[in-house]
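Reading through the structure tokens given below for one structure.
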Amino acid sequence: SYKIKWKGPIIDGQNAMFLLFDTLLGVCHSEQVSQFQDDMIEYLPPTHRNLIFDFRRHLKQIGSLRDYSIEARDNDLTNSFNKCVIEYSKVRKTHFYLGLSDELLSNQFSSISFKDIIEETFEATKATVINQNSGKSHLE
């Protein structure tokens with residue numbers, strides 16, 4: 001019988017949505033986390049994988065909501081964007097921790113642990129919030 005050896009946690013439709021939201025909101029991850037996400041995309045059905053790649057390609061041309069919010073220089077829009085990012089960060093954190101086991105958290109992928117991937121993902125998401133005085137993240 002043929003067995004598939006999984007590289008890491010199984011990525012499903014819910015996780016694919018997080019990749020789409022990251023792109024839409026302009027969340028920038030470290031090179032290691034971006035590579036991990038790209039590797040996990042390979043487990044998706046081709047239609048889901050192509051959706052993510054097409055969406056990324058399109059937003060690379062027109063910019064993310066973060067880019068638009070910074071360019072618009074509109075305090076109400078920026079406040080709404082920041083609230084969205086903060087709530088998204090909460091949803092993401094809850095989603096990750098609902099199904100995690102200690103075994104999964106201790107897994108090592110290349111040079112980064114899954115626990116480090118999760119922590120970096122939260123920090124990168126929070127860093128997407130726009131500082132209205134500078135147009136940059138509060139963490140930049």
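Labeling convention for the structure tokens: chains A, B, ... as they appear, residues from 1 per chain, ligands from 1 in order of appearance.
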
Those in segment 35-131 of chain A with strand (DSSP E or B) from DSSP, as a PyMOL selection string: chain A and resi 108-109+112-113+130-131

Using only C-alpha atoms, which residue out of A:Leu59, A:Leu65, A:Leu20, A:Val33 lies closest to Thr121 of chain A? A:Val33

Looking at only C-alpha atoms, which of A:Asp116, A:Glu123, A:Asp74, A:Asp67 is the one that sits closest to Leu24 of chain A? A:Asp67

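Here atom CA of Ile118 of chain A is placed at a distance of 7.6 Å from atom CA of Phe96 of chain A.
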
Excluding same-chain residues fewer than 4 positions from Ser80 of chain A, what lies within 12 Å of it counting only C-alpha atoms, as a PyMOL selection string? chain A and resi 25+65-66+69+74-76+84-87+129-130+132

Filtering to all heavy atoms, could you give me those residues as an mmCIF file, in the first residue's frame?
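What landed in part.cif:
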```cif
data_model
loop_
_atom_site.group_PDB
_atom_site.id
_atom_site.type_symbol
_atom_site.label_atom_id
_atom_site.label_comp_id
_atom_site.auth_asym_id
_atom_site.auth_seq_id
_atom_site.Cartn_x
_atom_site.Cartn_y
_atom_site.Cartn_z
ATOM 1 N N LEU A 25 -4.619 41.436 3.608
ATOM 2 C CA LEU A 25 -4.310 42.449 4.616
ATOM 3 C C LEU A 25 -2.881 42.971 4.517
ATOM 4 O O LEU A 25 -2.568 44.006 5.097
ATOM 5 C CB LEU A 25 -4.560 41.885 6.020
ATOM 6 C CG LEU A 25 -6.014 41.552 6.331
ATOM 7 C CD1 LEU A 25 -6.115 40.826 7.669
ATOM 8 C CD2 LEU A 25 -6.875 42.806 6.326
ATOM 9 N N LEU A 65 -4.832 45.660 1.211
ATOM 10 C CA LEU A 65 -5.668 46.637 1.919
ATOM 11 C C LEU A 65 -4.812 47.552 2.796
ATOM 12 O O LEU A 65 -5.129 48.725 2.951
ATOM 13 C CB LEU A 65 -6.721 45.933 2.783
ATOM 14 C CG LEU A 65 -7.857 45.262 2.038
ATOM 15 C CD1 LEU A 65 -8.804 44.585 3.029
ATOM 16 C CD2 LEU A 65 -8.615 46.254 1.177
ATOM 17 N N ARG A 66 -3.737 47.019 3.328
ATOM 18 C CA ARG A 66 -2.823 47.844 4.128
ATOM 19 C C ARG A 66 -2.216 48.943 3.261
ATOM 20 O O ARG A 66 -2.170 50.105 3.649
ATOM 21 C CB ARG A 66 -1.726 46.981 4.748
ATOM 22 C CG ARG A 66 -0.815 47.748 5.686
ATOM 23 C CD ARG A 66 0.232 46.821 6.312
ATOM 24 N NE ARG A 66 0.861 47.447 7.444
ATOM 25 C CZ ARG A 66 1.863 48.325 7.340
ATOM 26 N NH1 ARG A 66 2.332 48.660 6.164
ATOM 27 N NH2 ARG A 66 2.381 48.869 8.424
ATOM 28 N N SER A 69 -4.852 51.517 2.555
ATOM 29 C CA SER A 69 -5.150 52.325 3.744
ATOM 30 C C SER A 69 -4.074 53.370 3.993
ATOM 31 O O SER A 69 -4.382 54.506 4.356
ATOM 32 C CB SER A 69 -5.297 51.420 4.973
ATOM 33 O OG SER A 69 -6.380 50.536 4.820
ATOM 34 N N ASP A 74 -6.613 58.257 5.278
ATOM 35 C CA ASP A 74 -7.935 58.518 5.849
ATOM 36 C C ASP A 74 -7.987 57.851 7.221
ATOM 37 O O ASP A 74 -7.886 56.627 7.330
ATOM 38 C CB ASP A 74 -9.010 57.939 4.921
ATOM 39 C CG ASP A 74 -10.405 58.153 5.443
ATOM 40 O OD1 ASP A 74 -10.763 57.492 6.438
ATOM 41 O OD2 ASP A 74 -11.131 58.966 4.844
ATOM 42 N N ASN A 75 -8.137 58.664 8.277
ATOM 43 C CA ASN A 75 -8.106 58.134 9.644
ATOM 44 C C ASN A 75 -9.193 57.098 9.904
ATOM 45 O O ASN A 75 -8.947 56.095 10.579
ATOM 46 C CB ASN A 75 -8.206 59.263 10.667
ATOM 47 C CG ASN A 75 -6.920 60.042 10.780
ATOM 48 O OD1 ASN A 75 -5.854 59.566 10.406
ATOM 49 N ND2 ASN A 75 -7.016 61.261 11.278
ATOM 50 N N ASP A 76 -10.381 57.319 9.383
ATOM 51 C CA ASP A 76 -11.467 56.354 9.592
ATOM 52 C C ASP A 76 -11.140 55.021 8.923
ATOM 53 O O ASP A 76 -11.367 53.953 9.496
ATOM 54 C CB ASP A 76 -12.801 56.895 9.063
ATOM 55 C CG ASP A 76 -13.353 58.032 9.905
ATOM 56 O OD1 ASP A 76 -12.977 58.133 11.101
ATOM 57 O OD2 ASP A 76 -14.147 58.825 9.362
ATOM 58 N N CYS A 84 -9.757 45.547 12.074
ATOM 59 C CA CYS A 84 -9.845 44.291 11.321
ATOM 60 C C CYS A 84 -8.626 43.412 11.603
ATOM 61 O O CYS A 84 -8.762 42.211 11.861
ATOM 62 C CB CYS A 84 -9.967 44.595 9.840
ATOM 63 S SG CYS A 84 -10.066 43.143 8.792
ATOM 64 N N VAL A 85 -7.444 43.996 11.570
ATOM 65 C CA VAL A 85 -6.209 43.242 11.805
ATOM 66 C C VAL A 85 -6.178 42.694 13.231
ATOM 67 O O VAL A 85 -5.806 41.531 13.453
ATOM 68 C CB VAL A 85 -4.963 44.112 11.530
ATOM 69 C CG1 VAL A 85 -3.687 43.437 12.018
ATOM 70 C CG2 VAL A 85 -4.855 44.429 10.047
ATOM 71 N N ILE A 86 -6.587 43.492 14.193
ATOM 72 C CA ILE A 86 -6.590 43.050 15.586
ATOM 73 C C ILE A 86 -7.551 41.872 15.773
ATOM 74 O O ILE A 86 -7.209 40.867 16.416
ATOM 75 C CB ILE A 86 -6.939 44.225 16.523
ATOM 76 C CG1 ILE A 86 -5.772 45.220 16.536
ATOM 77 C CG2 ILE A 86 -7.253 43.735 17.936
ATOM 78 C CD1 ILE A 86 -6.120 46.581 17.123
ATOM 79 N N GLU A 87 -8.733 41.968 15.204
ATOM 80 C CA GLU A 87 -9.704 40.868 15.311
ATOM 81 C C GLU A 87 -9.212 39.633 14.557
ATOM 82 O O GLU A 87 -9.378 38.507 15.025
ATOM 83 C CB GLU A 87 -11.084 41.303 14.817
ATOM 84 C CG GLU A 87 -11.740 42.360 15.701
ATOM 85 C CD GLU A 87 -11.845 41.944 17.161
ATOM 86 O OE1 GLU A 87 -12.279 40.802 17.434
ATOM 87 O OE2 GLU A 87 -11.495 42.763 18.036
ATOM 88 N N VAL A 129 -0.722 46.240 11.828
ATOM 89 C CA VAL A 129 -1.456 47.423 12.271
ATOM 90 C C VAL A 129 -0.678 48.670 11.861
ATOM 91 O O VAL A 129 0.543 48.726 11.970
ATOM 92 C CB VAL A 129 -1.668 47.390 13.806
ATOM 93 C CG1 VAL A 129 -2.173 48.714 14.336
ATOM 94 C CG2 VAL A 129 -2.625 46.261 14.181
ATOM 95 N N ILE A 130 -1.387 49.671 11.369
ATOM 96 C CA ILE A 130 -0.767 50.895 10.865
ATOM 97 C C ILE A 130 -0.705 51.947 11.972
ATOM 98 O O ILE A 130 -1.709 52.264 12.596
ATOM 99 C CB ILE A 130 -1.564 51.461 9.672
ATOM 100 C CG1 ILE A 130 -1.622 50.441 8.546
ATOM 101 C CG2 ILE A 130 -0.968 52.791 9.199
ATOM 102 C CD1 ILE A 130 -2.631 50.779 7.469
ATOM 103 N N GLN A 132 -0.805 55.525 12.746
ATOM 104 C CA GLN A 132 -1.348 56.644 11.967
ATOM 105 C C GLN A 132 -0.405 57.833 11.870
ATOM 106 O O GLN A 132 -0.517 58.637 10.954
ATOM 107 C CB GLN A 132 -2.694 57.070 12.542
ATOM 108 C CG GLN A 132 -3.747 56.019 12.298
ATOM 109 C CD GLN A 132 -5.120 56.481 12.687
ATOM 110 O OE1 GLN A 132 -5.321 57.592 13.144
ATOM 111 N NE2 GLN A 132 -6.097 55.619 12.503
#
```

Counting only C-alpha atoms, the residue of A:Ala124, A:Val27, A:Ala16, A:Ile70 that sits nearest Met40 of chain A: A:Ala16

Could you check the closest approach to His29 of chain A for each of A:Asn82, A:Thr128, A:Gln61, A:Asn15 and tell me which residue wins, using only C-alpha atoms? A:Thr128

Counting only C-alpha atoms, the option among A:Glu119, A:Glu42, A:Thr94, A:Gly26 closest to Tyr68 of chain A: A:Gly26

In segment 4-96 of chain A, DSSP alpha helix (DSSP H) residues written as a VMD selection string: chain A and resid 13 to 25 31 to 41 46 to 62 65 to 72 75 to 96

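Comparing A:His58, A:Val91, A:His48, A:Lys126 by their smallest distance to Cys28 of chain A, the closest is A:Lys126 (using only C-alpha atoms).
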